[in-house]
Structures are given as structure tokens and as C-alpha cells.
$ cat final.txt   # compact mmCIF, C-alpha atoms and all ligand atoms
# COMPACT_ATOMS: atom_id res chain seq x y z
CA MET N 1 -10.08 0.78 31.17
CA PRO N 2 -10.77 2.60 27.87
CA ASN N 3 -13.97 4.40 29.02
CA GLU N 4 -17.26 3.92 30.86
CA LEU N 5 -18.87 2.08 27.93
CA PHE N 6 -16.26 -0.58 27.26
CA ASN N 7 -14.07 -2.57 29.65
CA SER N 8 -11.90 -3.39 26.69
CA TYR N 9 -11.88 -2.73 22.98
CA MET N 10 -10.17 -6.06 22.40
CA THR N 11 -12.86 -8.55 23.36
CA GLY N 12 -15.00 -8.36 20.20
CA PRO N 13 -16.80 -9.77 18.38
CA ASP N 14 -19.74 -11.03 20.48
CA GLU N 15 -21.07 -14.63 20.12
CA THR N 16 -22.99 -13.69 16.99
CA GLY N 17 -19.85 -12.29 15.42
CA ARG N 18 -20.86 -8.65 15.76
CA PHE N 19 -18.69 -5.65 16.41
CA GLY N 20 -21.42 -3.22 17.48
CA LYS N 21 -23.82 -3.18 14.56
CA PHE N 22 -21.24 -4.51 12.11
CA GLY N 23 -20.05 -7.98 11.17
CA GLY N 24 -22.30 -10.95 11.84
CA ARG N 25 -23.06 -13.94 9.68
CA PHE N 26 -25.29 -13.25 6.69
CA VAL N 27 -24.99 -16.52 4.80
CA SER N 28 -27.26 -19.04 3.11
CA GLU N 29 -28.59 -22.03 5.05
CA THR N 30 -26.34 -24.33 3.02
CA LEU N 31 -23.26 -22.43 4.12
CA MET N 32 -24.20 -22.17 7.79
CA PRO N 33 -23.08 -25.67 8.91
CA LEU N 34 -19.64 -25.12 7.32
CA ILE N 35 -19.19 -21.80 9.02
CA LEU N 36 -20.26 -23.20 12.39
CA GLU N 37 -17.85 -26.13 12.06
CA LEU N 38 -15.03 -23.74 11.16
CA GLU N 39 -15.84 -21.60 14.17
CA ARG N 40 -15.88 -24.60 16.49
CA GLN N 41 -12.54 -25.87 15.18
CA TYR N 42 -10.95 -22.43 15.39
CA GLU N 43 -12.12 -21.99 18.98
CA VAL N 44 -10.35 -25.26 19.86
CA ALA N 45 -7.18 -24.47 17.90
CA LYS N 46 -6.93 -20.96 19.33
CA THR N 47 -6.31 -22.20 22.85
CA ASP N 48 -4.19 -25.17 21.83
CA GLN N 49 -0.48 -24.73 22.53
CA SER N 50 0.50 -27.13 19.75
CA PHE N 51 -1.36 -25.02 17.17
CA TRP N 52 0.60 -21.89 18.11
CA ALA N 53 3.82 -23.86 18.42
CA GLU N 54 3.47 -24.94 14.78
CA MET N 55 2.63 -21.36 13.77
CA ASN N 56 5.60 -19.92 15.60
CA ASP N 57 7.98 -22.45 14.13
CA LEU N 58 6.86 -21.61 10.57
CA TRP N 59 6.72 -17.88 11.26
CA THR N 60 10.37 -18.11 12.30
CA HIS N 61 11.78 -20.52 9.76
CA TYR N 62 9.51 -20.13 6.72
CA VAL N 63 8.24 -16.53 6.86
CA GLY N 64 11.22 -14.90 8.58
CA ARG N 65 9.51 -13.39 11.64
CA PRO N 66 9.92 -11.32 13.66
CA SER N 67 10.11 -8.67 10.96
CA PRO N 68 12.41 -5.77 11.96
CA LEU N 69 11.23 -2.49 13.45
CA TYR N 70 13.26 0.13 11.61
CA SER N 71 13.97 3.73 12.59
CA ALA N 72 13.70 5.70 9.33
CA GLU N 73 16.27 8.38 10.12
CA ARG N 74 16.59 10.17 6.80
CA LEU N 75 12.83 10.29 6.36
CA THR N 76 12.50 11.59 9.94
CA ASN N 77 15.09 14.32 9.31
CA HIS N 78 13.54 15.21 5.98
CA LEU N 79 10.09 15.66 7.52
CA GLY N 80 11.56 17.56 10.46
CA GLY N 81 9.04 16.54 13.11
CA ALA N 82 7.91 13.24 14.60
CA LYS N 83 10.26 10.25 14.72
CA VAL N 84 9.19 7.68 12.13
CA TYR N 85 9.54 3.91 12.51
CA MET N 86 8.61 1.32 9.91
CA LYS N 87 7.44 -2.19 10.77
CA ARG N 88 9.14 -4.14 8.02
CA ASP N 89 6.50 -6.73 7.08
CA GLU N 90 7.53 -6.37 3.45
CA LEU N 91 10.52 -8.55 4.33
CA ASN N 92 8.30 -11.59 4.91
CA HIS N 93 8.46 -14.52 2.51
CA THR N 94 6.27 -13.61 -0.51
CA GLY N 95 6.80 -9.90 0.18
CA ALA N 96 3.85 -8.86 2.30
CA HIS N 97 1.84 -9.54 5.45
CA LYS N 98 -0.65 -11.89 3.76
CA ILE N 99 1.31 -15.02 4.55
CA ASN N 100 0.90 -14.44 8.33
CA ASN N 101 -2.80 -15.18 7.96
CA VAL N 102 -2.60 -17.82 5.22
CA LEU N 103 -0.29 -19.96 7.37
CA GLY N 104 -2.76 -19.85 10.24
CA GLN N 105 -5.73 -20.84 8.11
CA ILE N 106 -3.87 -23.63 6.35
CA ILE N 107 -2.54 -25.11 9.57
CA LEU N 108 -6.18 -25.07 10.73
CA ALA N 109 -7.34 -26.68 7.46
CA ARG N 110 -4.86 -29.51 7.93
CA ARG N 111 -6.07 -30.08 11.49
CA MET N 112 -9.60 -30.29 10.06
CA GLY N 113 -8.46 -32.92 7.53
CA LYS N 114 -9.11 -30.69 4.50
CA ASN N 115 -6.72 -31.14 1.58
CA ARG N 116 -8.23 -28.79 -0.99
CA ILE N 117 -7.80 -25.06 -0.38
CA ILE N 118 -9.77 -22.41 -2.25
CA ALA N 119 -9.15 -18.69 -2.21
CA GLU N 120 -10.21 -15.54 -4.01
CA THR N 121 -7.74 -12.91 -5.09
CA GLY N 122 -7.90 -9.46 -6.67
CA ALA N 123 -4.39 -8.22 -7.33
CA GLY N 124 -3.12 -11.76 -6.82
CA GLN N 125 -1.16 -11.22 -3.60
CA HIS N 126 -3.42 -13.38 -1.44
CA GLY N 127 -3.54 -15.97 -4.22
CA VAL N 128 0.26 -16.13 -4.32
CA ALA N 129 0.52 -16.45 -0.53
CA THR N 130 -2.09 -19.22 -0.53
CA ALA N 131 -0.49 -21.07 -3.46
CA THR N 132 2.87 -20.80 -1.66
CA VAL N 133 1.70 -22.41 1.57
CA CYS N 134 -0.29 -25.05 -0.35
CA ALA N 135 2.87 -26.01 -2.26
CA LYS N 136 4.76 -26.23 1.01
CA PHE N 137 2.21 -28.67 2.43
CA GLY N 138 1.32 -30.51 -0.81
CA LEU N 139 -2.31 -29.34 -0.81
CA LYS N 140 -4.48 -28.74 -3.85
CA CYS N 141 -5.02 -25.03 -4.41
CA VAL N 142 -7.78 -23.40 -6.48
CA VAL N 143 -7.77 -19.61 -6.83
CA TYR N 144 -10.79 -17.63 -8.04
CA MET N 145 -9.87 -14.44 -9.80
CA GLY N 146 -11.93 -11.92 -11.76
CA ALA N 147 -11.34 -12.38 -15.50
CA HIS N 148 -10.25 -8.76 -15.82
CA ASP N 149 -7.76 -9.18 -12.98
CA VAL N 150 -6.34 -12.34 -14.61
CA GLU N 151 -5.39 -10.16 -17.57
CA ARG N 152 -4.11 -7.23 -15.51
CA GLN N 153 -2.09 -9.31 -13.06
CA ALA N 154 -0.20 -11.64 -15.38
CA PRO N 155 2.97 -11.89 -13.23
CA ASN N 156 1.00 -13.06 -10.19
CA VAL N 157 -1.05 -15.48 -12.32
CA PHE N 158 2.22 -16.98 -13.55
CA ARG N 159 3.61 -17.14 -9.98
CA MET N 160 0.53 -19.04 -8.82
CA ARG N 161 0.83 -21.45 -11.77
CA LEU N 162 4.51 -22.06 -10.97
CA LEU N 163 3.46 -22.86 -7.42
CA GLY N 164 1.02 -25.45 -8.72
CA ALA N 165 -2.27 -23.62 -8.22
CA GLU N 166 -5.25 -23.80 -10.54
CA ILE N 167 -6.60 -20.37 -11.51
CA VAL N 168 -10.32 -20.03 -12.22
CA PRO N 169 -11.10 -16.82 -14.15
CA VAL N 170 -14.45 -15.50 -12.95
CA THR N 171 -16.78 -14.03 -15.57
CA SER N 172 -19.97 -13.97 -13.50
CA GLY N 173 -21.25 -10.55 -12.45
CA ARG N 174 -18.71 -8.03 -13.63
CA GLY N 175 -15.74 -10.36 -13.21
CA THR N 176 -14.26 -8.48 -10.25
CA LEU N 177 -12.87 -9.41 -6.85
CA LYS N 178 -16.39 -9.25 -5.37
CA ASP N 179 -17.61 -11.81 -7.94
CA ALA N 180 -14.55 -14.01 -7.34
CA MET N 181 -15.41 -14.08 -3.65
CA ASN N 182 -19.00 -15.09 -4.44
CA ASP N 183 -17.82 -17.92 -6.70
CA ALA N 184 -15.41 -19.15 -4.04
CA LEU N 185 -18.30 -19.29 -1.54
CA ARG N 186 -20.32 -21.31 -4.08
CA ASP N 187 -17.43 -23.72 -4.58
CA TRP N 188 -17.20 -24.20 -0.82
CA VAL N 189 -20.84 -25.22 -0.51
CA THR N 190 -20.47 -27.67 -3.40
CA ASN N 191 -17.27 -29.27 -2.10
CA VAL N 192 -17.97 -29.36 1.59
CA ARG N 193 -16.13 -32.54 2.50
CA ASP N 194 -12.53 -31.82 1.48
CA THR N 195 -12.46 -28.05 0.99
CA PHE N 196 -11.31 -25.15 3.17
CA TYR N 197 -11.96 -21.54 2.13
CA CYS N 198 -8.98 -19.33 2.93
CA ILE N 199 -10.07 -15.65 3.05
CA GLY N 200 -7.39 -13.00 2.57
CA THR N 201 -8.57 -10.10 4.69
CA VAL N 202 -10.61 -9.29 7.82
CA ALA N 203 -13.89 -9.70 5.91
CA GLY N 204 -16.41 -12.49 5.28
CA PRO N 205 -18.87 -14.07 7.73
CA HIS N 206 -17.92 -14.64 11.39
CA PRO N 207 -15.44 -16.11 12.43
CA TYR N 208 -13.25 -14.93 9.52
CA PRO N 209 -12.80 -11.27 10.52
CA ALA N 210 -11.76 -12.24 14.05
CA MET N 211 -9.65 -15.21 12.95
CA VAL N 212 -7.72 -13.27 10.29
CA ARG N 213 -7.18 -10.44 12.81
CA ASP N 214 -5.85 -12.89 15.39
CA PHE N 215 -3.31 -14.26 12.91
CA GLN N 216 -2.23 -10.78 11.74
CA SER N 217 -1.96 -9.52 15.33
CA ILE N 218 1.56 -10.90 15.40
CA ILE N 219 2.47 -7.57 13.73
CA GLY N 220 1.25 -5.40 16.60
CA LYS N 221 2.51 -7.79 19.28
CA GLU N 222 6.01 -7.63 17.83
CA VAL N 223 5.82 -3.82 17.62
CA LYS N 224 4.94 -3.68 21.34
CA ASP N 225 8.07 -5.66 22.23
CA GLN N 226 10.35 -4.01 19.68
CA MET N 227 9.27 -0.45 20.46
CA SER N 228 9.61 -1.09 24.19
CA ALA N 229 13.16 -2.30 23.58
CA ALA N 230 14.03 0.61 21.27
CA GLU N 231 12.32 3.51 23.05
CA GLY N 232 11.19 2.17 26.41
CA ARG N 233 7.58 2.92 25.53
CA TYR N 234 4.83 2.42 22.97
CA PRO N 235 4.47 4.58 19.85
CA ASP N 236 2.22 7.65 19.98
CA THR N 237 0.65 7.03 16.58
CA LEU N 238 0.07 3.93 14.46
CA ILE N 239 -0.59 4.25 10.73
CA ALA N 240 -1.50 1.52 8.23
CA ALA N 241 -3.03 1.25 4.76
CA ILE N 242 -6.45 -0.35 4.38
CA GLY N 243 -7.81 -2.52 1.61
CA GLY N 244 -10.03 -4.93 3.52
CA GLY N 245 -8.07 -3.98 6.62
CA SER N 246 -6.05 -7.02 7.69
CA ASN N 247 -2.55 -5.55 8.01
CA ALA N 248 -4.04 -2.53 9.77
CA MET N 249 -6.11 -4.67 12.16
CA GLY N 250 -2.99 -6.75 12.87
CA LEU N 251 -1.02 -3.66 13.85
CA PHE N 252 -3.85 -1.92 15.70
CA HIS N 253 -5.51 -4.68 17.69
CA PRO N 254 -2.89 -5.27 20.40
CA PHE N 255 -2.90 -1.49 21.08
CA LEU N 256 -6.66 -0.88 21.22
CA ASP N 257 -6.76 -0.58 25.02
CA ASP N 258 -3.64 1.60 25.19
CA MET N 259 -5.58 4.84 25.04
CA LYS N 260 -2.51 7.03 24.60
CA VAL N 261 -1.88 5.42 21.22
CA ASN N 262 -3.52 7.24 18.29
CA ILE N 263 -4.69 4.90 15.58
CA ILE N 264 -5.06 5.95 11.95
CA GLY N 265 -6.21 3.81 8.99
CA VAL N 266 -5.50 5.07 5.49
CA GLU N 267 -7.93 4.29 2.69
CA ALA N 268 -7.20 4.59 -1.02
CA GLY N 269 -8.56 7.91 -2.23
CA GLY N 270 -7.83 7.15 -5.91
CA LYS N 271 -8.44 10.26 -7.95
CA GLY N 272 -10.12 11.90 -4.94
CA VAL N 273 -13.06 11.02 -2.68
CA THR N 274 -15.86 12.67 -4.68
CA ASP N 275 -19.23 11.35 -5.78
CA LYS N 276 -17.63 10.23 -9.05
CA MET N 277 -16.58 7.18 -7.02
CA GLU N 278 -13.08 7.02 -8.44
CA HIS N 279 -11.73 5.81 -5.11
CA CYS N 280 -11.81 2.86 -2.67
CA ALA N 281 -12.53 4.73 0.54
CA SER N 282 -15.34 2.57 1.95
CA LEU N 283 -15.44 4.40 5.30
CA THR N 284 -14.83 7.94 4.14
CA GLY N 285 -16.98 7.61 1.02
CA GLY N 286 -19.30 4.61 1.50
CA ARG N 287 -22.42 3.55 3.43
CA PRO N 288 -23.31 0.52 5.60
CA GLY N 289 -24.70 -2.53 3.82
CA VAL N 290 -24.21 -6.30 3.62
CA LEU N 291 -21.54 -8.00 1.47
CA HIS N 292 -19.75 -11.33 1.75
CA GLY N 293 -21.63 -12.42 4.83
CA ASN N 294 -21.14 -9.36 7.01
CA ARG N 295 -22.51 -5.87 7.58
CA THR N 296 -20.03 -3.08 7.06
CA TYR N 297 -19.33 0.11 5.13
CA LEU N 298 -19.42 -0.46 1.37
CA LEU N 299 -18.94 1.44 -1.85
CA GLN N 300 -22.43 1.41 -3.35
CA ASP N 301 -24.65 3.47 -5.59
CA ASP N 302 -28.05 4.88 -4.62
CA ASP N 303 -29.73 1.53 -5.42
CA GLY N 304 -27.37 -0.42 -3.18
CA GLN N 305 -25.40 -1.84 -6.14
CA ILE N 306 -21.83 -2.57 -5.04
CA LEU N 307 -19.39 -0.40 -6.94
CA GLU N 308 -15.98 -1.35 -8.15
CA GLY N 309 -13.43 0.85 -6.43
CA PHE N 310 -10.65 2.66 -8.17
CA SER N 311 -7.05 2.96 -6.98
CA ILE N 312 -3.59 2.93 -8.50
CA SER N 313 -2.96 0.16 -5.97
CA ALA N 314 -4.77 -3.03 -6.99
CA GLY N 315 -4.38 -4.45 -3.46
CA LEU N 316 -6.58 -1.71 -2.01
CA ASP N 317 -9.59 -2.03 -4.29
CA TYR N 318 -11.85 -4.20 -2.13
CA PRO N 319 -15.29 -2.48 -2.17
CA GLY N 320 -15.78 -2.95 1.59
CA ILE N 321 -13.81 -2.76 4.82
CA GLY N 322 -13.55 -5.24 7.67
CA PRO N 323 -16.46 -4.88 10.16
CA GLU N 324 -14.15 -4.28 13.12
CA HIS N 325 -12.82 -1.15 11.39
CA ALA N 326 -16.40 -0.01 10.72
CA TRP N 327 -17.02 -0.35 14.47
CA LEU N 328 -13.77 1.36 15.53
CA HIS N 329 -14.70 4.19 13.17
CA ASP N 330 -18.19 4.56 14.60
CA ILE N 331 -17.09 4.54 18.25
CA GLY N 332 -14.19 6.85 17.41
CA ARG N 333 -11.36 4.64 18.71
CA ALA N 334 -9.59 4.80 15.36
CA LYS N 335 -9.53 7.54 12.76
CA TYR N 336 -9.75 6.92 9.03
CA VAL N 337 -8.40 9.18 6.33
CA SER N 338 -7.81 8.87 2.61
CA ILE N 339 -4.80 9.45 0.39
CA THR N 340 -4.91 9.99 -3.37
CA ASP N 341 -2.97 8.13 -6.03
CA ASN N 342 -0.73 11.13 -6.62
CA GLU N 343 0.09 11.50 -2.94
CA ALA N 344 0.92 7.79 -2.74
CA LEU N 345 3.18 8.03 -5.80
CA GLU N 346 5.07 10.90 -4.22
CA ALA N 347 5.56 8.91 -1.02
CA PHE N 348 6.67 5.89 -3.05
CA GLN N 349 9.47 7.90 -4.65
CA LEU N 350 10.53 9.57 -1.42
CA CYS N 351 10.77 6.20 0.33
CA CYS N 352 13.00 4.84 -2.45
CA GLU N 353 15.27 7.88 -2.42
CA LEU N 354 15.57 8.48 1.31
CA GLU N 355 15.45 5.01 2.78
CA GLY N 356 16.53 2.61 0.02
CA ILE N 357 13.25 0.77 0.37
CA ILE N 358 10.98 0.28 -2.66
CA PRO N 359 7.57 0.10 -0.99
CA ALA N 360 4.42 -1.44 -2.40
CA LEU N 361 1.82 1.11 -3.47
CA GLU N 362 -0.43 0.05 -0.57
CA PRO N 363 1.94 1.11 2.26
CA SER N 364 2.90 4.14 0.14
CA HIS N 365 -0.57 5.39 1.11
CA ALA N 366 0.29 4.97 4.79
CA MET N 367 3.58 6.74 4.24
CA ALA N 368 1.89 9.62 2.42
CA HIS N 369 -0.17 10.22 5.54
CA VAL N 370 2.98 10.07 7.67
CA MET N 371 4.40 12.78 5.40
CA LYS N 372 1.31 14.90 5.98
CA ILE N 373 1.28 14.81 9.77
CA ALA N 374 4.90 14.24 10.89
CA PRO N 375 6.21 17.79 10.13
CA ASP N 376 3.73 19.38 12.56
CA LEU N 377 4.38 16.96 15.41
CA PRO N 378 7.10 17.35 18.08
CA LYS N 379 10.37 15.46 17.74
CA ASP N 380 9.55 13.22 20.69
CA HIS N 381 6.35 12.01 19.04
CA ILE N 382 6.81 8.48 17.71
CA ILE N 383 4.96 7.28 14.63
CA CYS N 384 5.01 3.63 13.63
CA MET N 385 3.77 2.81 10.13
CA ASN N 386 3.30 -0.65 8.72
CA MET N 387 5.45 -1.26 5.66
CA CYS N 388 3.14 -4.13 4.74
CA GLY N 389 4.49 -4.98 1.28
CA ARG N 390 7.42 -4.54 -1.06
CA GLY N 391 7.14 -2.71 -4.34
CA ASP N 392 8.70 -5.05 -6.90
CA LYS N 393 5.20 -5.95 -8.09
CA ASP N 394 4.37 -2.28 -8.66
CA ILE N 395 7.34 -0.95 -10.61
CA PHE N 396 5.57 -1.24 -14.00
CA THR N 397 2.53 0.65 -12.73
CA VAL N 398 4.73 3.37 -11.26
CA ALA N 399 6.84 3.59 -14.44
CA LYS N 400 3.69 4.19 -16.45
CA HIS N 401 2.49 6.96 -14.15
CA LEU N 402 5.88 8.63 -14.19
CA ASN N 403 5.99 8.37 -17.99
CA PHE N 404 9.11 6.25 -17.80
CA ASP N 405 9.41 4.09 -20.90
CA MET N 406 10.62 0.63 -19.87
CA GLY N 407 11.10 -0.15 -23.56
CA THR N 408 13.99 2.26 -23.98
CA LEU N 409 16.06 0.31 -21.50
CA SER N 410 16.48 -2.77 -23.64
C1 LIG W 501 -3.45 -7.20 0.06
C2 LIG W 501 -2.61 -6.10 0.48
C3 LIG W 501 -3.14 -5.00 1.18
C4 LIG W 501 -4.60 -4.84 1.49
O1 LIG W 501 -5.12 -5.81 2.34
P1 LIG W 501 -5.42 -5.55 3.87
O2 LIG W 501 -6.30 -6.68 4.23
O3 LIG W 501 -6.10 -4.23 3.98
O4 LIG W 501 -4.13 -5.55 4.59
C5 LIG W 501 -2.27 -4.01 1.61
N1 LIG W 501 -0.95 -4.07 1.34
C6 LIG W 501 -0.41 -5.10 0.68
C7 LIG W 501 1.06 -5.09 0.44
C8 LIG W 501 -1.20 -6.14 0.23
O5 LIG W 501 -0.65 -7.17 -0.44
$ encode --input "final.txt" --output "C-alpha cells"
Amino acid sequence: MPNELFNSYMTGPDETGRFGKFGGRFVSETLMPLILELERQYEVAKTDQSFWAEMNDLWTHYVGRPSPLYSAERLTNHLGGAKVYMKRDELNHTGAHKINNVLGQIILARRMGKNRIIAETGAGQHGVATATVCAKFGLKCVVYMGAHDVERQAPNVFRMRLLGAEIVPVTSGRGTLKDAMNDALRDWVTNVRDTFYCIGTVAGPHPYPAMVRDFQSIIGKEVKDQMSAAEGRYPDTLIAAIGGGSNAMGLFHPFLDDMKVNIIGVEAGGKGVTDKMEHCASLTGGRPGVLHGNRTYLLQDDDGQILEGFSISAGLDYPGIGPEHAWLHDIGRAKYVSITDNEALEAFQLCCELEGIIPALEPSHAMAHVMKIAPDLPKDHIICMNMCGRGDKDIFTVAKHLNFDMGTLS
């Protein structure tokens, strides 16, 4: 038992979708019946063997699970302390963990008889994963994306088009990910009958945070088995990068009641967590408020206006964090830190050079924290970090920051 207050840290949320004072269901009356129907259907699917049988089959044959657990020997030797393992979720189809969750939601959508899938995307990674699975099942796919992001993320926009998705550039509000999510919610209310809203992280109104976590928990479950096989025990420390928090929640959740396991989430510190707000560290630098149907820590100004985060890594710039993380932070079961752009860039390069793995900029944040703490830990301390995405998408960003002129190559 974790302590005298909780029998288990794994049973949340409660019936109202709350993790302590976070989460919940702050939605309009028009949206409520849709959310309740989704919750009912998910509750049924969750305990249905055939649902998980379909998931497992596609995880194996379409996504390529289980992803390997890899002992990073040269990195470990270089750091000279703790033994570092990487959970290789960047090897999944589409190059990141997002597809774990998208598959679950789309299998659910098909059970519910919905043939039109909508999604919001910032950097485009969730949009690509959604467009991929929609193509596989022949479903219509509409992706809402901030107008500014459509310009910035041209390769992912093109990928989604190739996969047959329709992209809707969002100009309402400030044309950011937050506005794209609001427009997607509006679409859902207008097209109730045939439409399913596929959310890309552990955010949104209940049951999304719990449902997305359940689908991503395959990551932590596999680590339990793989680490037991490799080392005969669980890791001492888990580390994962946090945008909205889905890959981290997926790694952490199966370990929440294993009190010997330290849990660390890494937020994007951008140019540094100061009051200039040039970061995306919702927990370390934000305050509680309500966004996208749930209460959680948010980046906001003194008037409660939601602020656009800043990070070199577009996948980490969600202005909030999943409510379960907000709760784990408040009760102290998990610790949250931040890593700056420069620290992440350094980790990115070290990972390439020492391990032959080009990481995405998101997990480079997790690795930068590994680099900070591993040297001071004993050699029998095991760290497992989630390598949640591959870096092909980020090479142009990195080239720019390293003043490498791609033009001179041609
Ligand atoms: C989207 C994304 C993230 C951030 O999302 P989470 O919900 O926090 O996991 C992190 N890493 C990669 C590679 C991503 O594509």
C-alpha cells in the first residue's frame, strides 16, 4: 500500500473524472451527452476481451510492439554513474508513441459506428498518427490545426494530405493548438451523429485523460516485463518528457504503486522558466485553471488568459498538462523538472554520437535530465527513460540552431 491516505495511486479518476482537485468535466450542455455516451462505450470496451484482442493484434502487426528496451551502454559509460535504459517507442510505426492511443480510440470509434474522425494537432504528430489509422480503416479524417502551425509544419501537413486527411487551418483566437482544440470541440457538437473526436494527449474532459492513459500504459507494462527479464527487478527511476503528458503517463502509471520507483516528468523549459514565459513548463511555471474541459495547471497571465508556450520542440508546447500529472505533482508521488532548449540540444547531439539514435527533441529533454542526474548515482541504480519519438522530423530545426547551412550540401 502506498501510504495511509491512498490504497492505490492507480485507481483514479473518481466517477466525476477527478484526480484530487484536478480533471473533471467542464463542458457545455450540448457536449455533455456526447461525452457521457463516449464514457459509457469506453467502460464497456475496456472490459471486453475482443476489444483488447483487436488492439493487441494491431499493436503487434501494424505498430511493431513490443518496442525494445535498450541498454544504452556507451551513454552509461560516458555519464559514469547510473545504468541507463531506453524504452524504444520511437521505433513504432509513424515514429512516436502517439499511435498507441490513436489505435485505441479509432477501434472504439468503429465499435460506436462512427466513420468520421476529427482531431486537433499542434506540431502535426497526432494529426499524422490519426490520418494513418484512418487511412488503414478507410475512415474520413479531418484535422484542425492552427494556421501558424500549418505554415511551420509543412512536412507533416503534406504527410496528412498524402494519407487522405483534410486539414482545416484554424484562424480563430490566435490560431494556435489551443484554438484548434476549441474548433474541434465545436465540430463535434455540430456533427454528433457520425463523428468521433480523437484527442492526442491525456487532456480534455473525462473520460479522455483516463482513456488515453490506459492506451499508452502499454509502454509501462512492457517495461515491467522487459526490465524484469533483463535485470530481475524494476528500474529505480523513470524519466519521460511532458507536453500534455501522454507518453509519460503511459510509462509511469503501471509503476505508481511501486513505491521504490522514483518518477520524474520533464517539462520544456524553453529559454528558461522565468516570468518572461518563454517556456512550456505548466507545472513548474503555471497555475491551476480550466482549459479544454478539465482543471489543471496552465500557462496563464495575471488575468487568466492562456499563454502560448515556447519551446524548440513543437510537440511540447501544449499550454496545459494532463490533470493526473497535476495531481501526482500535488501529492508528491511524481517529481517534475524542466530542461531548457540548449540542454535538450546538447542531449540530442550526445544521443546521436554515442548511441546511433537520432532522438526527437521531445525525448531529448528527458535525456538531458538523465545526463544531469546519472553521474551522481551509483552504478547499480537503473534509470529507464522513454525514447518516445524519433528525430527525423527535427533535423531542420536542429540544423538551424547549430548554424548548419543545409543549402551548402546541395
Ligand atoms: C506529441 C509528442 C510529445 C508530447 O505529447 P505527450 O502527450 O506529452 O506525450 C512528446 N514526444 C513526442 C515524440 C511527441 O510526438
$ closest_atom_pairs --input "final.txt" --of "chain N" --to "ligand LIG 501 (chain W)" --cutoff "9 Å" --atoms "only C-alpha atoms and all ligand atoms" --output "tab-separated table"
residue	atom	partner	partner_atom	distance
N:Asp89	CA	W:LIG501	C7	8.7
N:Glu90	CA	W:LIG501	C7	7.2
N:Gly95	CA	W:LIG501	C7	7.5
N:Ala96	CA	W:LIG501	C7	5.0
N:His97	CA	W:LIG501	C7	6.7
N:Lys98	CA	W:LIG501	O5	6.3
N:Thr121	CA	W:LIG501	C1	8.8
N:Gly122	CA	W:LIG501	C1	8.4
N:Ala123	CA	W:LIG501	C1	7.5
N:Gly124	CA	W:LIG501	O5	8.2
N:Gln125	CA	W:LIG501	O5	5.2
N:His126	CA	W:LIG501	C1	6.4
N:Gly200	CA	W:LIG501	O2	6.6
N:Thr201	CA	W:LIG501	O2	4.1
N:Val202	CA	W:LIG501	O2	6.2
N:Ala203	CA	W:LIG501	O2	8.3
N:Ala240	CA	W:LIG501	O4	8.4
N:Ala241	CA	W:LIG501	C5	6.2
N:Ile242	CA	W:LIG501	O3	3.9
N:Gly243	CA	W:LIG501	O3	3.4
N:Gly244	CA	W:LIG501	O3	4.0
N:Gly245	CA	W:LIG501	O3	3.3
N:Ser246	CA	W:LIG501	O2	3.5
N:Asn247	CA	W:LIG501	O4	3.8
N:Ala248	CA	W:LIG501	O4	6.0
N:Met249	CA	W:LIG501	O4	7.9
N:Gly250	CA	W:LIG501	O4	8.4
N:Glu267	CA	W:LIG501	O3	8.8
N:Ser313	CA	W:LIG501	C5	8.7
N:Ala314	CA	W:LIG501	C1	8.3
N:Gly315	CA	W:LIG501	C1	4.6
N:Leu316	CA	W:LIG501	C4	5.1
N:Asp317	CA	W:LIG501	C4	8.1
N:Tyr318	CA	W:LIG501	C4	8.1
N:Ile321	CA	W:LIG501	O3	7.9
N:Gly322	CA	W:LIG501	O2	8.2
N:Pro359	CA	W:LIG501	C7	8.4
N:Ala360	CA	W:LIG501	C7	5.7
N:Leu361	CA	W:LIG501	C7	7.4
N:Glu362	CA	W:LIG501	N1	4.6
N:Pro363	CA	W:LIG501	N1	6.0
N:Met387	CA	W:LIG501	C7	7.8
N:Cys388	CA	W:LIG501	C7	4.9
N:Gly389	CA	W:LIG501	C7	3.5
N:Arg390	CA	W:LIG501	C7	6.6
N:Gly391	CA	W:LIG501	C7	8.1
$ closest_residue --input "final.txt" --among "N:Gly356, N:Gly64, N:Pro207, N:Gly270" --to "Gln41 of chain N" --atoms "only C-alpha atoms"
N:Pro207
$ closest_residue --input "final.txt" --among "N:Ala72, N:Asn386, N:His292, N:Pro323" --to "Gln216 of chain N" --atoms "all atoms listed in the file"
N:Asn386
$ closest_atom_pairs --input "final.txt" --of "segment 297-365 of chain N" --to "segment 75-79 of chain N" --cutoff "8 Å" --atoms "all atoms listed in the file" --output "tab-separated table"
residue	atom	partner	partner_atom	distance
N:Cys351	CA	N:Leu75	CA	7.6
N:Leu354	CA	N:Leu75	CA	6.0
N:Glu355	CA	N:Leu75	CA	6.9
$ atom_distance --input "final.txt" --atom1 "atom CA of Tyr62 of chain N" --atom2 "atom CA of His253 of chain N"
24.2 Å
$ build_atoms --input "final.txt" --residues "segment 130-141 of chain N" --atoms "N, CA and C atoms" --output "mmCIF file, in the coordinates of the input"
data_model
loop_
_atom_site.group_PDB
_atom_site.id
_atom_site.type_symbol
_atom_site.label_atom_id
_atom_site.label_comp_id
_atom_site.auth_asym_id
_atom_site.auth_seq_id
_atom_site.Cartn_x
_atom_site.Cartn_y
_atom_site.Cartn_z
ATOM 1 N N THR N 130 -1.376 -17.961 -0.743
ATOM 2 C CA THR N 130 -2.090 -19.220 -0.530
ATOM 3 C C THR N 130 -1.442 -20.343 -1.345
ATOM 4 N N ALA N 131 -1.135 -20.059 -2.613
ATOM 5 C CA ALA N 131 -0.490 -21.070 -3.460
ATOM 6 C C ALA N 131 0.858 -21.486 -2.870
ATOM 7 N N THR N 132 1.561 -20.537 -2.271
ATOM 8 C CA THR N 132 2.870 -20.800 -1.660
ATOM 9 C C THR N 132 2.745 -21.817 -0.523
ATOM 10 N N VAL N 133 1.821 -21.533 0.402
ATOM 11 C CA VAL N 133 1.700 -22.410 1.570
ATOM 12 C C VAL N 133 1.114 -23.769 1.166
ATOM 13 N N CYS N 134 0.237 -23.772 0.144
ATOM 14 C CA CYS N 134 -0.290 -25.050 -0.350
ATOM 15 C C CYS N 134 0.829 -25.899 -0.937
ATOM 16 N N ALA N 135 1.738 -25.259 -1.698
ATOM 17 C CA ALA N 135 2.870 -26.010 -2.260
ATOM 18 C C ALA N 135 3.707 -26.597 -1.131
ATOM 19 N N LYS N 136 3.933 -25.782 -0.118
ATOM 20 C CA LYS N 136 4.760 -26.230 1.010
ATOM 21 C C LYS N 136 4.173 -27.467 1.685
ATOM 22 N N PHE N 137 2.844 -27.534 1.758
ATOM 23 C CA PHE N 137 2.210 -28.670 2.430
ATOM 24 C C PHE N 137 1.653 -29.729 1.476
ATOM 25 N N GLY N 138 1.842 -29.532 0.147
ATOM 26 C CA GLY N 138 1.320 -30.510 -0.810
ATOM 27 C C GLY N 138 -0.192 -30.562 -0.860
ATOM 28 N N LEU N 139 -0.843 -29.400 -0.758
ATOM 29 C CA LEU N 139 -2.310 -29.340 -0.810
ATOM 30 C C LEU N 139 -2.760 -28.822 -2.169
ATOM 31 N N LYS N 140 -3.920 -29.272 -2.613
ATOM 32 C CA LYS N 140 -4.480 -28.740 -3.850
ATOM 33 C C LYS N 140 -4.958 -27.315 -3.620
ATOM 34 N N CYS N 141 -4.679 -26.443 -4.585
ATOM 35 C CA CYS N 141 -5.020 -25.030 -4.410
ATOM 36 C C CYS N 141 -5.772 -24.510 -5.630
#
